[in-house]
Amino acid sequence: MEFSRLFRIYQEHVENQIEGWFYNHDILLFWLIDFIQKQGGFRGDTCELGVYKGKSAIALGLLARADETVFCFDAFHEVPQAVAEANILRCCPELGKRLVCIAGDLRHLEGPPGMIERGGLRFLHLDAVHDHPSVLNDLNNFTPLLTGHGVAVLDDCFDPEWPGVPTAMAEFCLSPEGRHIRPFAASRAKMYLCARHMVRTYQRCIVTSGLIRDMSLERVLDGSVLRCFTNWPAPPETLLAQLDEG
Ligand SMILES: C[S@@+](CC[C@H](N)C(=O)[O-])C[C@H]1O[C@@H](n2cnc3c(N)ncnc32)[C@H](O)[C@@H]1O
């Protein structure tokens with residue numbers, strides 16, 4: 001799907017009709033990462049933790065290939081599952097039975113859920129409970145399901161209301177379970193993570209795409225993160241030289 005089509009669907013059918021938290025910068029980054037994955041032939045299902053009314057899950061549904069499943073986990077105690085499903089299927093009718101919603105309290109999950117095969121996910125959006133133990137639990141339970149090329153997106157990583165999100169990410173990345181995962185890009189709201197060996201690939205692809213003009217590199221942990229939509233941008237050629245230097 002072309003970005004303009006995805007963006008138009010959000011403008012005309014989602015933005016003012018479906019309440020939720022999913023904004024233009026991340027619509028663009030979701031599309032760009034999906035585009036990079038499709039260009040690279042990286043296959044896999046997609047998954048969201050924290051669906052609410054389906055605002056961001058609709059992007060996963062619209063970007064899914066014909067043989068890919070979209071898994072949606074939520075307690076569905078704030079919004080009934082039927083409402084979220086109806087919103088998603090209204091915008092993504094071709095998804096049909098490939099939309100799989102799982103109701104339950106993610107805080108009680110003690111390991112990767114059995115209905116998704118290990119190494120089966122190419123895209124994971126974590127947007128459920130935002131406190132430190134819950135985010136850490138979600139990262140531990142769901143990142144083993146990612147393919148080697150997969151991307152995990154952590155919502156509200158920079159919101160002072162949710163200090164546990166970045167602390168959980170740091171603890172996870174420094175733990176034996178997460179030491180192969182690193183953040184590679186940041187929007188105003190979300191941190192984008194992948195396996196270490198894919199960090200430079202995603203960063204180079206984002207820079208060379210030319211779709212985001214205002215970016216810079218920031219040292220984080222033992223690597224660097226591409227700050228997207230920054231007020232202090234560096235020219236693309238400077239970013240590419242920095243990425244080449246390592
Ligand atoms: C911030 S909302 C998700 C926003 C959504 N991604 C969007 O695009 O608008 C958080 C969601 O997490 C769900 N949630 C809260 N606590 C949960 C829990 N313990 N287990 C599973 N889901 C939970 C809520 O029901 C809510 O739908």
# chains A, B, ... in the order shown; residues from 1 in each chain; ligands from 1
>>> select_by_dssp(residues="region 31-182 of chain A", states="helix (DSSP H, G or I)", output="PyMOL selection string")
chain A and resi 31-39+57-63+81-91+93-98+106-108+132-145+164-173
>>> residues_around(residues="region 91-108 of chain A", least_positions_apart="3", cutoff="7 Å", atoms="only C-alpha atoms", output="number ranges by chain")
A: 58, 61-62, 68-76, 87-88, 134
>>> residues_around(residues="Cys228 (chain A)", least_positions_apart="2", cutoff="12 Å", atoms="only C-alpha atoms", output="PyMOL selection string")
chain A and resi 25-26+28-29+184-192+203+206-207+210-218+225-226+230-234+236+239
>>> write_last_selection(atoms="N, CA and C atoms", output="CSV table (one decimal), in the first residue's frame")
chain,number,residue,atom,x,y,z
A,25,HIS,N,3.3,11.2,12.7
A,25,HIS,CA,4.7,10.8,12.7
A,25,HIS,C,4.8,9.3,12.7
A,26,ASP,N,4.0,8.7,13.6
A,26,ASP,CA,4.1,7.2,13.7
A,26,ASP,C,3.4,6.5,12.6
A,28,LEU,N,3.6,7.4,9.6
A,28,LEU,CA,4.7,7.4,8.6
A,28,LEU,C,5.8,6.4,8.9
A,29,LEU,N,6.2,6.4,10.2
A,29,LEU,CA,7.2,5.4,10.5
A,29,LEU,C,6.8,3.9,10.4
A,184,PHE,N,16.6,1.7,17.7
A,184,PHE,CA,17.3,2.3,16.5
A,184,PHE,C,16.7,3.6,16.0
A,185,ALA,N,15.4,3.9,16.4
A,185,ALA,CA,14.8,5.2,16.0
A,185,ALA,C,13.8,5.6,17.1
A,186,ALA,N,13.6,6.9,17.1
A,186,ALA,CA,12.7,7.5,18.1
A,186,ALA,C,11.8,8.5,17.4
A,187,SER,N,10.5,8.4,17.6
A,187,SER,CA,9.6,9.5,17.2
A,187,SER,C,9.3,10.4,18.4
A,188,ARG,N,8.4,11.3,18.4
A,188,ARG,CA,8.1,12.1,19.6
A,188,ARG,C,7.4,11.2,20.7
A,189,ALA,N,6.8,10.1,20.3
A,189,ALA,CA,6.0,9.3,21.2
A,189,ALA,C,6.6,7.9,21.4
A,190,LYS,N,7.3,7.4,20.4
A,190,LYS,CA,7.6,5.9,20.4
A,190,LYS,C,9.0,5.7,20.2
A,191,MET,N,9.5,4.6,20.8
A,191,MET,CA,10.9,4.1,20.5
A,191,MET,C,10.8,2.8,19.7
A,192,TYR,N,11.6,2.8,18.6
A,192,TYR,CA,11.6,1.6,17.7
A,192,TYR,C,12.9,0.8,17.9
A,203,GLN,N,18.4,2.1,10.1
A,203,GLN,CA,18.7,3.5,10.1
A,203,GLN,C,19.1,4.1,8.8
A,206,ILE,N,16.0,4.4,6.6
A,206,ILE,CA,15.1,5.6,6.9
A,206,ILE,C,15.8,6.9,6.4
A,207,VAL,N,17.1,7.0,6.6
A,207,VAL,CA,17.8,8.2,6.1
A,207,VAL,C,17.7,8.3,4.6
A,210,GLY,N,14.5,9.5,2.3
A,210,GLY,CA,14.2,10.9,2.1
A,210,GLY,C,12.8,11.4,2.6
A,211,LEU,N,12.1,10.5,3.3
A,211,LEU,CA,10.8,10.8,3.7
A,211,LEU,C,10.7,11.6,5.0
A,212,ILE,N,11.8,11.5,5.8
A,212,ILE,CA,11.8,12.3,7.0
A,212,ILE,C,13.0,13.2,6.9
A,213,ARG,N,12.8,14.5,7.0
A,213,ARG,CA,13.9,15.5,6.8
A,213,ARG,C,14.7,15.8,8.0
A,214,ASP,N,13.9,15.9,9.1
A,214,ASP,CA,14.6,16.4,10.3
A,214,ASP,C,15.0,15.3,11.3
A,215,MET,N,16.3,14.9,11.2
A,215,MET,CA,16.8,13.8,12.0
A,215,MET,C,18.2,14.0,12.5
A,216,SER,N,18.5,13.4,13.6
A,216,SER,CA,19.9,13.4,14.0
A,216,SER,C,20.2,12.1,14.8
A,217,LEU,N,21.4,11.9,15.0
A,217,LEU,CA,21.8,10.6,15.8
A,217,LEU,C,22.2,11.0,17.2
A,218,GLU,N,21.7,10.2,18.1
A,218,GLU,CA,21.9,10.4,19.5
A,218,GLU,C,22.5,9.1,20.1
A,225,VAL,N,20.7,6.1,18.3
A,225,VAL,CA,19.3,6.2,17.9
A,225,VAL,C,19.1,7.3,16.9
A,226,LEU,N,18.3,7.0,15.9
A,226,LEU,CA,18.0,8.1,14.9
A,226,LEU,C,16.8,8.9,15.5
A,230,THR,N,13.2,15.8,14.7
A,230,THR,CA,13.9,16.6,15.8
A,230,THR,C,13.9,18.1,15.4
A,231,ASN,N,14.1,18.9,16.4
A,231,ASN,CA,14.3,20.4,16.2
A,231,ASN,C,15.7,20.7,15.8
A,232,TRP,N,16.6,19.8,15.9
A,232,TRP,CA,18.0,20.1,15.6
A,232,TRP,C,18.5,19.0,14.6
A,233,PRO,N,18.1,19.1,13.4
A,233,PRO,CA,18.4,18.1,12.4
A,233,PRO,C,19.9,18.3,11.9
A,234,ALA,N,20.4,17.1,11.4
A,234,ALA,CA,21.7,17.1,10.7
A,234,ALA,C,21.4,16.7,9.2
A,236,PRO,N,21.4,14.7,5.7
A,236,PRO,CA,21.4,13.3,5.5
A,236,PRO,C,22.8,12.8,5.3
A,239,LEU,N,24.5,12.3,8.5
A,239,LEU,CA,24.0,11.1,9.2
A,239,LEU,C,24.6,9.8,8.6
>>> residues_near_ligand(ligand="ligand 1", cutoff="7 Å", atoms="only C-alpha atoms and all ligand atoms", output="list of chain:residue names")
A:Glu19, A:Gly20, A:Trp21, A:Phe22, A:Leu49, A:Gly50, A:Val51, A:Tyr52, A:Lys53, A:Gly54, A:Lys55, A:Ser56, A:Ala57, A:Phe73, A:Asp74, A:Ala75, A:Phe76, A:His77, A:Glu78, A:Val79, A:Gly104, A:Asp105, A:Leu106, A:Arg107, A:Asp127, A:Ala128, A:Val129
>>> write_last_selection(atoms="N, CA and C atoms", output="short mmCIF file (atom, residue, chain, number, x, y, z; two decimals), in the first residue's frame")
data_model
loop_
_atom_site.label_atom_id
_atom_site.label_comp_id
_atom_site.auth_asym_id
_atom_site.auth_seq_id
_atom_site.Cartn_x
_atom_site.Cartn_y
_atom_site.Cartn_z
N GLU A 19 -11.62 7.18 18.38
CA GLU A 19 -10.83 7.78 19.47
C GLU A 19 -9.60 6.90 19.73
N GLY A 20 -8.48 7.54 20.07
CA GLY A 20 -7.28 6.75 20.38
C GLY A 20 -6.03 7.61 20.32
N TRP A 21 -4.88 6.94 20.29
CA TRP A 21 -3.60 7.64 20.38
C TRP A 21 -2.66 7.11 19.29
N PHE A 22 -2.76 7.68 18.10
CA PHE A 22 -1.88 7.25 17.01
C PHE A 22 -1.77 8.41 16.04
N LEU A 49 -0.16 -5.02 21.41
CA LEU A 49 -0.59 -5.16 22.81
C LEU A 49 -1.20 -3.82 23.20
N GLY A 50 -2.47 -3.80 23.54
CA GLY A 50 -3.15 -2.55 23.87
C GLY A 50 -3.83 -1.99 22.64
N VAL A 51 -5.09 -2.36 22.45
CA VAL A 51 -5.80 -2.06 21.20
C VAL A 51 -6.74 -0.87 21.36
N TYR A 52 -7.36 -0.76 22.53
CA TYR A 52 -8.39 0.25 22.79
C TYR A 52 -9.45 0.17 21.70
N LYS A 53 -9.65 1.22 20.90
CA LYS A 53 -10.69 1.15 19.86
C LYS A 53 -10.14 0.75 18.49
N GLY A 54 -8.84 0.42 18.46
CA GLY A 54 -8.28 -0.10 17.21
C GLY A 54 -7.54 0.91 16.36
N LYS A 55 -7.30 2.12 16.89
CA LYS A 55 -6.76 3.19 16.04
C LYS A 55 -5.42 2.81 15.39
N SER A 56 -4.47 2.30 16.18
CA SER A 56 -3.18 1.93 15.59
C SER A 56 -3.22 0.54 14.97
N ALA A 57 -4.07 -0.36 15.50
CA ALA A 57 -4.17 -1.71 14.93
C ALA A 57 -4.65 -1.66 13.48
N PHE A 73 -3.86 -8.12 21.38
CA PHE A 73 -4.05 -8.50 22.78
C PHE A 73 -4.56 -7.30 23.58
N ASP A 74 -5.56 -7.53 24.39
CA ASP A 74 -6.07 -6.45 25.25
C ASP A 74 -6.94 -7.10 26.34
N ALA A 75 -7.03 -6.44 27.46
CA ALA A 75 -7.96 -6.91 28.49
C ALA A 75 -9.40 -6.66 28.03
N PHE A 76 -9.57 -5.70 27.10
CA PHE A 76 -10.90 -5.31 26.59
C PHE A 76 -11.85 -4.99 27.75
N HIS A 77 -11.31 -4.36 28.79
CA HIS A 77 -12.17 -3.94 29.91
C HIS A 77 -12.55 -2.46 29.76
N GLU A 78 -11.81 -1.72 28.93
CA GLU A 78 -12.15 -0.31 28.70
C GLU A 78 -13.08 -0.19 27.49
N VAL A 79 -12.80 -0.97 26.47
CA VAL A 79 -13.61 -0.98 25.25
C VAL A 79 -13.91 -2.44 24.93
N GLY A 104 -7.42 -10.76 27.65
CA GLY A 104 -6.80 -11.24 28.88
C GLY A 104 -5.91 -10.17 29.48
N ASP A 105 -5.56 -10.37 30.74
CA ASP A 105 -4.69 -9.44 31.47
C ASP A 105 -3.23 -9.79 31.17
N LEU A 106 -2.54 -8.91 30.43
CA LEU A 106 -1.16 -9.19 30.04
C LEU A 106 -0.22 -9.29 31.23
N ARG A 107 -0.61 -8.68 32.36
CA ARG A 107 0.27 -8.73 33.54
C ARG A 107 0.35 -10.14 34.12
N ASP A 127 1.67 -1.28 23.53
CA ASP A 127 0.92 -0.08 23.91
C ASP A 127 -0.16 -0.43 24.94
N ALA A 128 0.19 -1.32 25.87
CA ALA A 128 -0.81 -1.73 26.88
C ALA A 128 -0.53 -1.00 28.19
N VAL A 129 -0.25 -1.72 29.27
CA VAL A 129 0.00 -1.05 30.55
C VAL A 129 1.39 -0.40 30.49
#
>>> residues_around(residues="Asn141 (chain A)", least_positions_apart="6", cutoff="10 Å", atoms="only C-alpha atoms", output="VMD selection string")
chain A and resid 106 109 to 113 135 177
>>> atom_distance(atom1="CA of Phe158 (chain A)", atom2="CA of Ala84 (chain A)")
26.3 Å
>>> residues_around(residues="Ile27 (chain A)", least_positions_apart="6", cutoff="9 Å", atoms="only C-alpha atoms", output="JSON, numbers by chain")
{"A": [3, 6, 7, 10, 56, 59]}
>>> write_last_selection(atoms="C-alpha atoms", output="PDB file, in the first residue's frame")
ATOM      1  CA  PHE A   3       1.823   5.861   1.908  1.00  0.00           C
ATOM      2  CA  LEU A   6      -2.686   4.785   4.076  1.00  0.00           C
ATOM      3  CA  PHE A   7      -2.593   8.443   5.077  1.00  0.00           C
ATOM      4  CA  TYR A  10      -6.564   7.683   8.300  1.00  0.00           C
ATOM      5  CA  SER A  56      -3.185   1.930  15.586  1.00  0.00           C
ATOM      6  CA  ALA A  59      -2.439   0.423  10.367  1.00  0.00           C
TER       7      ALA A  59
END
>>> closest_residue(among="A:His180, A:Arg196, A:Arg219, A:His125", to="Asp156 (chain A)", atoms="only C-alpha atoms")
A:His125
>>> residues_around(residues="Phe172 (chain A)", least_positions_apart="3", cutoff="9 Å", atoms="only C-alpha atoms", output="PyMOL selection string")
chain A and resi 136+139-140+167-169+175-179+181
>>> write_last_selection(atoms="N, CA and C atoms", output="PDB file, in the first residue's frame")
ATOM      1  N   LEU A 136       8.222  -4.309  31.136  1.00  0.00           N
ATOM      2  CA  LEU A 136       9.305  -5.310  31.144  1.00  0.00           C
ATOM      3  C   LEU A 136       8.737  -6.702  30.878  1.00  0.00           C
ATOM      4  N   LEU A 139       7.873  -6.990  27.215  1.00  0.00           N
ATOM      5  CA  LEU A 139       9.088  -7.144  26.393  1.00  0.00           C
ATOM      6  C   LEU A 139       9.629  -8.574  26.522  1.00  0.00           C
ATOM      7  N   ASN A 140       9.672  -9.094  27.746  1.00  0.00           N
ATOM      8  CA  ASN A 140      10.191 -10.451  27.949  1.00  0.00           C
ATOM      9  C   ASN A 140       9.319 -11.500  27.286  1.00  0.00           C
ATOM     10  N   THR A 167      12.557   3.199  31.544  1.00  0.00           N
ATOM     11  CA  THR A 167      13.385   2.431  32.490  1.00  0.00           C
ATOM     12  C   THR A 167      13.250   0.930  32.214  1.00  0.00           C
ATOM     13  N   ALA A 168      12.046   0.484  31.871  1.00  0.00           N
ATOM     14  CA  ALA A 168      11.861  -0.939  31.541  1.00  0.00           C
ATOM     15  C   ALA A 168      12.630  -1.297  30.278  1.00  0.00           C
ATOM     16  N   MET A 169      12.612  -0.384  29.299  1.00  0.00           N
ATOM     17  CA  MET A 169      13.367  -0.658  28.068  1.00  0.00           C
ATOM     18  C   MET A 169      14.857  -0.805  28.364  1.00  0.00           C
ATOM     19  N   SER A 175      19.597  -6.790  29.984  1.00  0.00           N
ATOM     20  CA  SER A 175      19.393  -8.114  30.577  1.00  0.00           C
ATOM     21  C   SER A 175      19.814  -9.196  29.584  1.00  0.00           C
ATOM     22  N   PRO A 176      20.055 -10.428  30.071  1.00  0.00           N
ATOM     23  CA  PRO A 176      20.402 -11.514  29.148  1.00  0.00           C
ATOM     24  C   PRO A 176      19.318 -11.727  28.089  1.00  0.00           C
ATOM     25  N   GLU A 177      18.052 -11.531  28.460  1.00  0.00           N
ATOM     26  CA  GLU A 177      16.949 -11.759  27.513  1.00  0.00           C
ATOM     27  C   GLU A 177      16.914 -10.705  26.406  1.00  0.00           C
ATOM     28  N   GLY A 178      17.397  -9.500  26.724  1.00  0.00           N
ATOM     29  CA  GLY A 178      17.242  -8.406  25.759  1.00  0.00           C
ATOM     30  C   GLY A 178      18.543  -7.843  25.226  1.00  0.00           C
ATOM     31  N   ARG A 179      19.658  -8.453  25.548  1.00  0.00           N
ATOM     32  CA  ARG A 179      20.917  -7.801  25.158  1.00  0.00           C
ATOM     33  C   ARG A 179      21.164  -7.821  23.643  1.00  0.00           C
ATOM     34  N   ILE A 181      18.799  -6.920  21.592  1.00  0.00           N
ATOM     35  CA  ILE A 181      17.832  -5.936  21.062  1.00  0.00           C
ATOM     36  C   ILE A 181      18.319  -4.531  21.402  1.00  0.00           C
TER      37      ILE A 181
END
>>> decode(residues="region 143-158 of chain A", atoms="N, CA and C atoms", output="short mmCIF file (atom, residue, chain, number, x, y, z; two decimals), in the first residue's frame")
data_model
loop_
_atom_site.label_atom_id
_atom_site.label_comp_id
_atom_site.auth_asym_id
_atom_site.auth_seq_id
_atom_site.Cartn_x
_atom_site.Cartn_y
_atom_site.Cartn_z
N THR A 143 9.09 -10.25 22.79
CA THR A 143 10.21 -10.10 21.85
C THR A 143 10.79 -11.45 21.38
N PRO A 144 10.67 -12.56 22.17
CA PRO A 144 11.15 -13.84 21.61
C PRO A 144 10.34 -14.29 20.40
N LEU A 145 9.19 -13.65 20.17
CA LEU A 145 8.36 -14.02 19.03
C LEU A 145 8.78 -13.30 17.75
N LEU A 146 9.70 -12.32 17.87
CA LEU A 146 10.11 -11.55 16.69
C LEU A 146 11.01 -12.37 15.77
N THR A 147 10.90 -12.15 14.48
CA THR A 147 11.87 -12.71 13.54
C THR A 147 13.19 -11.97 13.72
N GLY A 148 14.24 -12.46 13.10
CA GLY A 148 15.55 -11.79 13.18
C GLY A 148 15.51 -10.39 12.61
N HIS A 149 14.57 -10.12 11.71
CA HIS A 149 14.45 -8.79 11.09
C HIS A 149 13.35 -7.96 11.75
N GLY A 150 12.71 -8.52 12.77
CA GLY A 150 11.50 -7.91 13.32
C GLY A 150 11.76 -6.60 14.07
N VAL A 151 10.71 -5.83 14.21
CA VAL A 151 10.76 -4.53 14.91
C VAL A 151 9.74 -4.51 16.04
N ALA A 152 10.16 -4.01 17.20
CA ALA A 152 9.25 -3.79 18.33
C ALA A 152 9.14 -2.29 18.55
N VAL A 153 7.92 -1.81 18.76
CA VAL A 153 7.69 -0.37 18.95
C VAL A 153 7.11 -0.16 20.34
N LEU A 154 7.75 0.71 21.09
CA LEU A 154 7.37 0.93 22.48
C LEU A 154 6.71 2.30 22.60
N ASP A 155 5.42 2.29 22.99
CA ASP A 155 4.68 3.55 23.05
C ASP A 155 4.99 4.36 24.32
N ASP A 156 4.85 5.66 24.21
CA ASP A 156 4.99 6.59 25.34
C ASP A 156 6.33 6.47 26.05
N CYS A 157 7.37 6.35 25.25
CA CYS A 157 8.72 6.19 25.82
C CYS A 157 9.28 7.51 26.35
N PHE A 158 8.65 8.63 25.96
CA PHE A 158 9.21 9.93 26.33
C PHE A 158 8.22 10.82 27.06
#
